[in-house]
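Heads up: the structure comes next, in structure tokens.
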Amino acid sequence: EDQVTQSPEALRLQEGESSSLNCSYTVSGLRGLFWYRQDPGKGPEFLFTLYSAGEEKEKERLKATLTKKESFLHITAPKPEDSATYLCAVRPTGNQFYFGTGTSLTVIP
Amino acid sequence: DGGITQSPKYLFRKEGQNVTLSCEQNLNHDAMYWYRQDPGQGLRLIYYSQIVNDFQKGDIAEGYSVSREKKESFPLTVTSAQKNPTAFYLCASSPHRQGIYEQYFGPGTRLTVT
């Protein structure tokens, strides 16, 4: 069964304190892994797509990496405006996407 | 501006009434999707459509219906048969039917049924 698990469920960081969010997956043939940011009451905002193990993508303070079993979203020197829920999704063979339950990040000034 | 619009942002209905949620995109994307989001759960797929006049059930299609008469539009009807309709509903689109492309989401509609 295709499955996506994100950890931790919630993370509190001091401003400037770097950390990583984890997304582990079990799918029958990964065709893409996606990271999104979601603010309360809003739709998810696309961040990154990763297609194959070893691939990395960066955007400002965020860096996403991919292995054959998991992906990490590294946050370097976070700021309060990085506070949000970060969602991971995978697309196995087929037309559907499967989402994790997200990591709620709070960055304290 | 290109994007996905959903209306209304908030919707209130009495139990037993059908309600239709609007989703429009001007991104020229082929595929469109409807998800439901509940607290503590990941997004769950209700219906998706790869081309006009064709759509497929997702994991939780019971109590919902859709149509895809135009490429730009993919309305979702929540029927009275849906047992727990109160939720945050998200519409998404992606560029290609067979490609490995990301989805882009609308702002969502929060439906409350009492």
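Ligands are numbered from 1 in the order shown, residues from 1 within each chain, and chains are lettered A, B, ... in the order they appear in the structure tokens.
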Could you list, as a PyMOL selection string, the residues of chain B having an atom within 10 Å of chain A when counting only C-alpha atoms? chain B and resi 9+31+33+37-45+47-50+56+58-59+88-92+97-110
Enumerate, as JSON, numbers by chain, the complete set of residues in chain A that a backbone-based DSSP assignment places in strand (DSSP E). {"A": [3, 4, 5, 6, 7, 10, 11, 12, 13, 14, 19, 20, 21, 22, 23, 24, 25, 26, 30, 31, 32, 33, 34, 35, 36, 37, 38, 45, 46, 47, 48, 49, 50, 56, 57, 58, 59, 62, 63, 64, 65, 66, 70, 71, 72, 73, 74, 75, 84, 85, 86, 87, 88, 89, 90, 91, 92, 98, 99, 103, 104, 105, 106, 107, 108]}
Distance of atom CA of B:Leu76 from atom CA of B:Asp30, expressed in Å to one decimal place: 17.0 Å
Tell me, as number ranges by chain, which residues lie within 8 Å of B:Ser67, counting only C-alpha atoms; anything in the same chain fewer than 2 positions away does not count. B: 53, 55, 65, 69, 74-76
Taking N, CA and C atoms for each residue, export the selection above as a PDB file, in the first residue's frame.
```
ATOM      1  N   ASN B  53     -14.682  16.101 -20.060  1.00  0.00           N
ATOM      2  CA  ASN B  53     -15.723  15.074 -20.164  1.00  0.00           C
ATOM      3  C   ASN B  53     -15.280  13.702 -19.666  1.00  0.00           C
ATOM      4  N   PHE B  55     -13.657  11.822 -15.898  1.00  0.00           N
ATOM      5  CA  PHE B  55     -13.175  11.979 -14.538  1.00  0.00           C
ATOM      6  C   PHE B  55     -13.192  10.618 -13.845  1.00  0.00           C
ATOM      7  N   SER B  65     -20.137  14.442  -6.325  1.00  0.00           N
ATOM      8  CA  SER B  65     -20.203  14.296  -7.775  1.00  0.00           C
ATOM      9  C   SER B  65     -19.478  15.468  -8.408  1.00  0.00           C
ATOM     10  N   GLU B  69     -17.040  19.868 -18.016  1.00  0.00           N
ATOM     11  CA  GLU B  69     -17.562  20.254 -19.334  1.00  0.00           C
ATOM     12  C   GLU B  69     -16.623  21.202 -20.052  1.00  0.00           C
ATOM     13  N   PHE B  74     -14.064  22.791 -12.963  1.00  0.00           N
ATOM     14  CA  PHE B  74     -14.239  21.457 -12.397  1.00  0.00           C
ATOM     15  C   PHE B  74     -15.059  21.586 -11.101  1.00  0.00           C
ATOM     16  N   PRO B  75     -16.354  21.823 -11.185  1.00  0.00           N
ATOM     17  CA  PRO B  75     -17.167  22.013  -9.982  1.00  0.00           C
ATOM     18  C   PRO B  75     -17.421  20.703  -9.228  1.00  0.00           C
ATOM     19  N   LEU B  76     -17.485  20.823  -7.920  1.00  0.00           N
ATOM     20  CA  LEU B  76     -17.739  19.686  -7.034  1.00  0.00           C
ATOM     21  C   LEU B  76     -19.071  19.875  -6.321  1.00  0.00           C
TER      22      LEU B  76
END
```
Calculate how many Å separate atom CA of B:Gly63 from atom CA of B:Gln6, rounding to one decimal. 20.1 Å
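Taking atom CA of B:Ala61 as the reference point, atom CA of B:Lys83 is found at 11.8 Å.
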Name the residues in contact with B:Val52 at a cut-off of 6 Å, using only C-alpha atoms, excluding same-chain residues fewer than 3 positions from it; report them as a PyMOL selection string. chain B and resi 68-71
With distances taken over only C-alpha atoms, which residue among B:Val78, B:Ile46, B:Val113, B:Met32 lies nearest B:Pro95?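 Once distances to B:Pro95 are computed over only C-alpha atoms, the minimum belongs to B:Met32.
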Nearest-residue call for A:Ser104, choices A:Glu17, A:Glu1, A:Glu56, A:Asp39, using only C-alpha atoms: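 That would be A:Asp39, the residue with the smallest distance to A:Ser104.
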Selection: 7 Å around A:Asn22, only C-alpha atoms, excl. self and same-chain fewer than 5 positions, as a list in words: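 The filter keeps Gln6, Ser7, Ser71, Phe72 and Leu73 of chain A.
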